[in-house]
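Next up, protein_1.pdb (PDB, C-alpha atoms, pLDDT in the B column):
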```pdb
ATOM      1  CA  MET A   5     142.098 173.522  75.152  1.00 88.00           C
ATOM      2  CA  ARG A   6     139.293 176.086  75.165  1.00 93.00           C
ATOM      3  CA  ILE A   7     139.617 179.020  77.552  1.00 95.00           C
ATOM      4  CA  LEU A   8     137.209 181.763  78.561  1.00 96.00           C
ATOM      5  CA  LEU A   9     139.002 184.824  79.925  1.00 96.00           C
ATOM      6  CA  LEU A  10     136.995 187.315  81.975  1.00 95.00           C
ATOM      7  CA  ASP A  11     138.626 190.665  82.651  1.00 93.00           C
ATOM      8  CA  ASP A  12     137.189 194.151  82.351  1.00 89.00           C
ATOM      9  CA  ASN A  13     140.654 195.699  81.921  1.00 90.00           C
ATOM     10  CA  LYS A  14     141.621 195.366  78.251  1.00 91.00           C
ATOM     11  CA  LYS A  15     145.336 195.949  78.812  1.00 92.00           C
ATOM     12  CA  LEU A  16     145.603 193.254  81.479  1.00 90.00           C
ATOM     13  CA  ARG A  17     143.268 190.919  79.558  1.00 91.00           C
ATOM     14  CA  ASP A  18     145.523 191.242  76.492  1.00 93.00           C
ATOM     15  CA  LYS A  19     148.576 190.492  78.644  1.00 90.00           C
ATOM     16  CA  LEU A  20     147.001 187.314  80.055  1.00 91.00           C
ATOM     17  CA  GLN A  21     145.911 186.263  76.581  1.00 93.00           C
ATOM     18  CA  GLY A  22     149.459 186.795  75.291  1.00 92.00           C
ATOM     19  CA  ILE A  23     150.961 184.671  78.063  1.00 90.00           C
ATOM     20  CA  LEU A  24     148.510 181.856  77.355  1.00 90.00           C
ATOM     21  CA  LEU A  25     149.124 181.921  73.608  1.00 91.00           C
ATOM     22  CA  SER A  26     152.907 182.031  73.907  1.00 90.00           C
ATOM     23  CA  HIS A  27     153.375 179.499  76.715  1.00 85.00           C
ATOM     24  CA  CYS A  28     150.441 177.085  76.546  1.00 84.00           C
ATOM     25  CA  THR A  29     148.975 174.949  73.810  1.00 83.00           C
ATOM     26  CA  CYS A  30     145.480 176.346  73.525  1.00 85.00           C
ATOM     27  CA  ASP A  31     143.013 177.943  71.178  1.00 89.00           C
ATOM     28  CA  ALA A  32     142.889 181.728  71.325  1.00 92.00           C
ATOM     29  CA  PRO A  33     141.045 182.504  74.552  1.00 94.00           C
ATOM     30  CA  VAL A  34     137.545 183.900  74.174  1.00 95.00           C
ATOM     31  CA  CYS A  35     137.692 187.224  75.985  1.00 95.00           C
ATOM     32  CA  ILE A  36     134.787 188.574  78.006  1.00 94.00           C
ATOM     33  CA  ASP A  37     134.805 192.051  79.487  1.00 92.00           C
ATOM     34  CA  ARG A  38     131.655 191.888  81.630  1.00 92.00           C
ATOM     35  CA  ALA A  39     130.998 189.431  84.449  1.00 92.00           C
ATOM     36  CA  GLU A  40     127.293 189.202  83.628  1.00 92.00           C
ATOM     37  CA  ASN A  41     128.169 187.720  80.206  1.00 94.00           C
ATOM     38  CA  LEU A  42     130.199 184.800  81.556  1.00 95.00           C
ATOM     39  CA  VAL A  43     127.417 182.224  81.903  1.00 95.00           C
ATOM     40  CA  GLY A  44     126.019 182.966  78.444  1.00 96.00           C
ATOM     41  CA  GLU A  45     129.440 182.610  76.828  1.00 96.00           C
ATOM     42  CA  TYR A  46     130.049 179.390  78.730  1.00 97.00           C
ATOM     43  CA  HIS A  47     126.788 177.986  77.369  1.00 94.00           C
ATOM     44  CA  LYS A  48     128.000 178.796  73.831  1.00 95.00           C
ATOM     45  CA  ARG A  49     131.503 177.422  74.332  1.00 88.00           C
ATOM     46  CA  ARG A  50     131.995 174.808  77.024  1.00 90.00           C
ATOM     47  CA  ALA A  51     135.457 175.902  78.115  1.00 94.00           C
ATOM     48  CA  ASP A  52     138.077 173.636  79.631  1.00 94.00           C
ATOM     49  CA  MET A  53     139.247 176.538  81.789  1.00 95.00           C
ATOM     50  CA  VAL A  54     137.563 179.749  82.884  1.00 97.00           C
ATOM     51  CA  LEU A  55     140.149 182.342  83.848  1.00 96.00           C
ATOM     52  CA  ILE A  56     138.709 185.227  85.882  1.00 96.00           C
ATOM     53  CA  ARG A  57     140.813 188.234  86.782  1.00 94.00           C
ATOM     54  CA  LEU A  58     139.576 189.932  89.924  1.00 93.00           C
ATOM     55  CA  GLY A  59     140.168 193.677  90.043  1.00 84.00           C
ATOM     56  CA  ASN A  60     139.466 196.155  92.822  1.00 72.00           C
ATOM     57  CA  THR A  61     135.842 195.009  93.024  1.00 65.00           C
ATOM     58  CA  GLY A  62     136.434 191.297  92.720  1.00 69.00           C
ATOM     59  CA  PHE A  63     132.990 190.328  93.854  1.00 72.00           C
ATOM     60  CA  ASP A  64     131.540 190.647  90.333  1.00 91.00           C
ATOM     61  CA  GLY A  65     133.946 187.899  89.256  1.00 93.00           C
ATOM     62  CA  ILE A  66     133.210 185.830  92.358  1.00 95.00           C
ATOM     63  CA  LYS A  67     129.477 186.194  91.735  1.00 94.00           C
ATOM     64  CA  ALA A  68     129.894 185.189  88.078  1.00 95.00           C
ATOM     65  CA  ALA A  69     131.907 182.121  89.117  1.00 96.00           C
ATOM     66  CA  ARG A  70     129.240 181.160  91.652  1.00 96.00           C
ATOM     67  CA  GLU A  71     126.541 181.370  88.955  1.00 96.00           C
ATOM     68  CA  LEU A  72     128.692 179.332  86.582  1.00 97.00           C
ATOM     69  CA  LYS A  73     129.342 176.624  89.180  1.00 97.00           C
ATOM     70  CA  GLU A  74     125.580 176.407  89.839  1.00 96.00           C
ATOM     71  CA  ILE A  75     124.979 175.378  86.223  1.00 95.00           C
ATOM     72  CA  ASP A  76     128.167 173.305  85.870  1.00 96.00           C
ATOM     73  CA  SER A  77     129.794 172.219  89.107  1.00 96.00           C
ATOM     74  CA  SER A  78     132.676 170.667  87.159  1.00 96.00           C
ATOM     75  CA  ALA A  79     133.713 173.968  85.518  1.00 97.00           C
ATOM     76  CA  LYS A  80     137.405 174.646  86.116  1.00 97.00           C
ATOM     77  CA  VAL A  81     137.666 178.229  87.348  1.00 97.00           C
ATOM     78  CA  VAL A  82     141.048 179.855  87.884  1.00 97.00           C
ATOM     79  CA  PHE A  83     141.216 183.282  89.503  1.00 97.00           C
ATOM     80  CA  VAL A  84     143.938 185.863  89.000  1.00 95.00           C
ATOM     81  CA  SER A  85     144.227 188.870  91.306  1.00 95.00           C
ATOM     82  CA  GLN A  86     146.677 191.217  92.901  1.00 92.00           C
ATOM     83  CA  PHE A  87     144.676 190.887  96.124  1.00 92.00           C
ATOM     84  CA  ARG A  88     145.070 187.968  98.516  1.00 93.00           C
ATOM     85  CA  ASP A  89     141.820 188.980 100.223  1.00 89.00           C
ATOM     86  CA  PHE A  90     139.621 187.409  97.553  1.00 92.00           C
ATOM     87  CA  ALA A  91     141.270 183.968  97.761  1.00 94.00           C
ATOM     88  CA  LEU A  92     138.996 182.615 100.476  1.00 95.00           C
ATOM     89  CA  HIS A  93     135.893 183.703  98.542  1.00 94.00           C
ATOM     90  CA  ALA A  94     137.317 182.157  95.385  1.00 95.00           C
ATOM     91  CA  PHE A  95     137.852 178.776  96.995  1.00 96.00           C
ATOM     92  CA  GLU A  96     134.429 178.923  98.638  1.00 96.00           C
ATOM     93  CA  VAL A  97     132.919 178.896  95.122  1.00 96.00           C
ATOM     94  CA  GLY A  98     135.113 175.964  94.065  1.00 96.00           C
ATOM     95  CA  ALA A  99     138.126 177.592  92.426  1.00 97.00           C
ATOM     96  CA  PHE A 100     140.570 175.242  90.752  1.00 97.00           C
ATOM     97  CA  ASP A 101     143.418 177.655  91.475  1.00 97.00           C
ATOM     98  CA  TYR A 102     144.139 181.211  92.594  1.00 97.00           C
ATOM     99  CA  LEU A 103     147.119 183.042  91.099  1.00 96.00           C
ATOM    100  CA  LEU A 104     148.550 186.291  92.386  1.00 95.00           C
ATOM    101  CA  GLU A 105     149.648 189.150  90.164  1.00 93.00           C
ATOM    102  CA  PRO A 106     152.062 189.948  88.798  1.00 92.00           C
ATOM    103  CA  ILE A 107     151.510 186.732  86.886  1.00 89.00           C
ATOM    104  CA  ASN A 108     154.245 184.166  87.162  1.00 88.00           C
ATOM    105  CA  GLU A 109     154.193 182.596  83.698  1.00 88.00           C
ATOM    106  CA  GLU A 110     155.592 179.313  84.989  1.00 89.00           C
ATOM    107  CA  LYS A 111     152.862 179.035  87.640  1.00 91.00           C
ATOM    108  CA  LEU A 112     150.149 179.813  85.064  1.00 90.00           C
ATOM    109  CA  CYS A 113     151.548 177.082  82.809  1.00 88.00           C
ATOM    110  CA  MET A 114     151.632 174.629  85.722  1.00 91.00           C
ATOM    111  CA  THR A 115     147.979 175.346  86.407  1.00 93.00           C
ATOM    112  CA  PHE A 116     147.209 174.941  82.712  1.00 88.00           C
ATOM    113  CA  HIS A 117     148.938 171.548  82.643  1.00 88.00           C
ATOM    114  CA  LYS A 118     147.207 170.377  85.846  1.00 92.00           C
ATOM    115  CA  LEU A 119     143.966 170.836  83.942  1.00 88.00           C
ATOM    116  CA  GLY A 120     145.086 168.111  81.553  1.00 77.00           C
ATOM    117  CA  ALA A 121     146.420 170.162  78.657  1.00 53.00           C
TER     118      ALA A 121
END
```
Write-out of the structure in structure tokens:
Amino acid sequence: MRILLLDDNKKLRDKLQGILLSHCTCDAPVCIDRAENLVGEYHKRRADMVLIRLGNTGFDGIKAARELKEIDSSAKVVFVSQFRDFALHAFEVGAFDYLLEPINEEKLCMTFHKLGA
């Protein structure tokens, strides 16, 4: 399974990548640190899952997901955030799932398997 991982926080991005690699059968996630690069990377690598971590200003990630869904409405976008407040916005843009931090590894794996991995 091919995964794009968008997170501007390297430490947290590395943690998510580690969880995916140790608990899910997938290629090494392609990491993106800027929301404006998401669509371009998706064009290069049609990912099976796009994992977007929403930080304090989650609307950059929401906006990037909206742009992605405009070019590929079937893109599977999973959001991760410590804030419940962004969940409604995430589902309005067609989120596949919304996971709260701290990440529950079992829940992340369940989401991964629901995607068909």
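Nearest-residue note for Asp76 (chain A): choosing from A:Leu24, A:Leu58, A:Val97, A:Leu92, the minimum distance belongs to A:Val97, counting all atoms listed in the file.
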Once the PyMOL selection byres ((chain A and resi 120) around 12) has been evaluated on this model, what residues remain selected, and can you format them as a PyMOL selection string? chain A and resi 5-6+28-30+52-53+80+113-119+121
Given the PyMOL selection byres ((chain A and resi 65) around 10), the residues it picks as an MDAnalysis selection string: chainID A and resid 10:12 38:40 42 55:59 61:64 66:71 83 94
Could you expand the PyMOL selection byres ((chain A and resi 105) around 7) into the explicit residues it covers here, written as a ChimeraX atom specification? /A:84-86,103-104,106-107
Atoms kept (C-alpha atoms) for selection, written as a short mmCIF file (atom, residue, chain, number, x, y, z; two decimals), in the frame of the given file:
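Below you can see part.cif, which holds the result:
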```cif
data_model
loop_
_atom_site.label_atom_id
_atom_site.label_comp_id
_atom_site.auth_asym_id
_atom_site.auth_seq_id
_atom_site.Cartn_x
_atom_site.Cartn_y
_atom_site.Cartn_z
CA VAL A 84 143.94 185.86 89.00
CA SER A 85 144.23 188.87 91.31
CA GLN A 86 146.68 191.22 92.90
CA LEU A 103 147.12 183.04 91.10
CA LEU A 104 148.55 186.29 92.39
CA PRO A 106 152.06 189.95 88.80
CA ILE A 107 151.51 186.73 86.89
#
```
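For the pair CA of His27 (chain A) and CA of Lys73 (chain A), the separation is 27.2 Å.
Interatomic distance, CA of Asn108 (chain A) to CA of Val54 (chain A): 17.8 Å.
CA of Phe87 (chain A) to CA of Leu72 (chain A) spans 21.9 Å [interatomic distance, one decimal].
Proximity of A:Asn60, A:Lys111, A:Phe100, A:Asp89 to Ser77 (chain A), computed with only C-alpha atoms, is greatest for A:Phe100.
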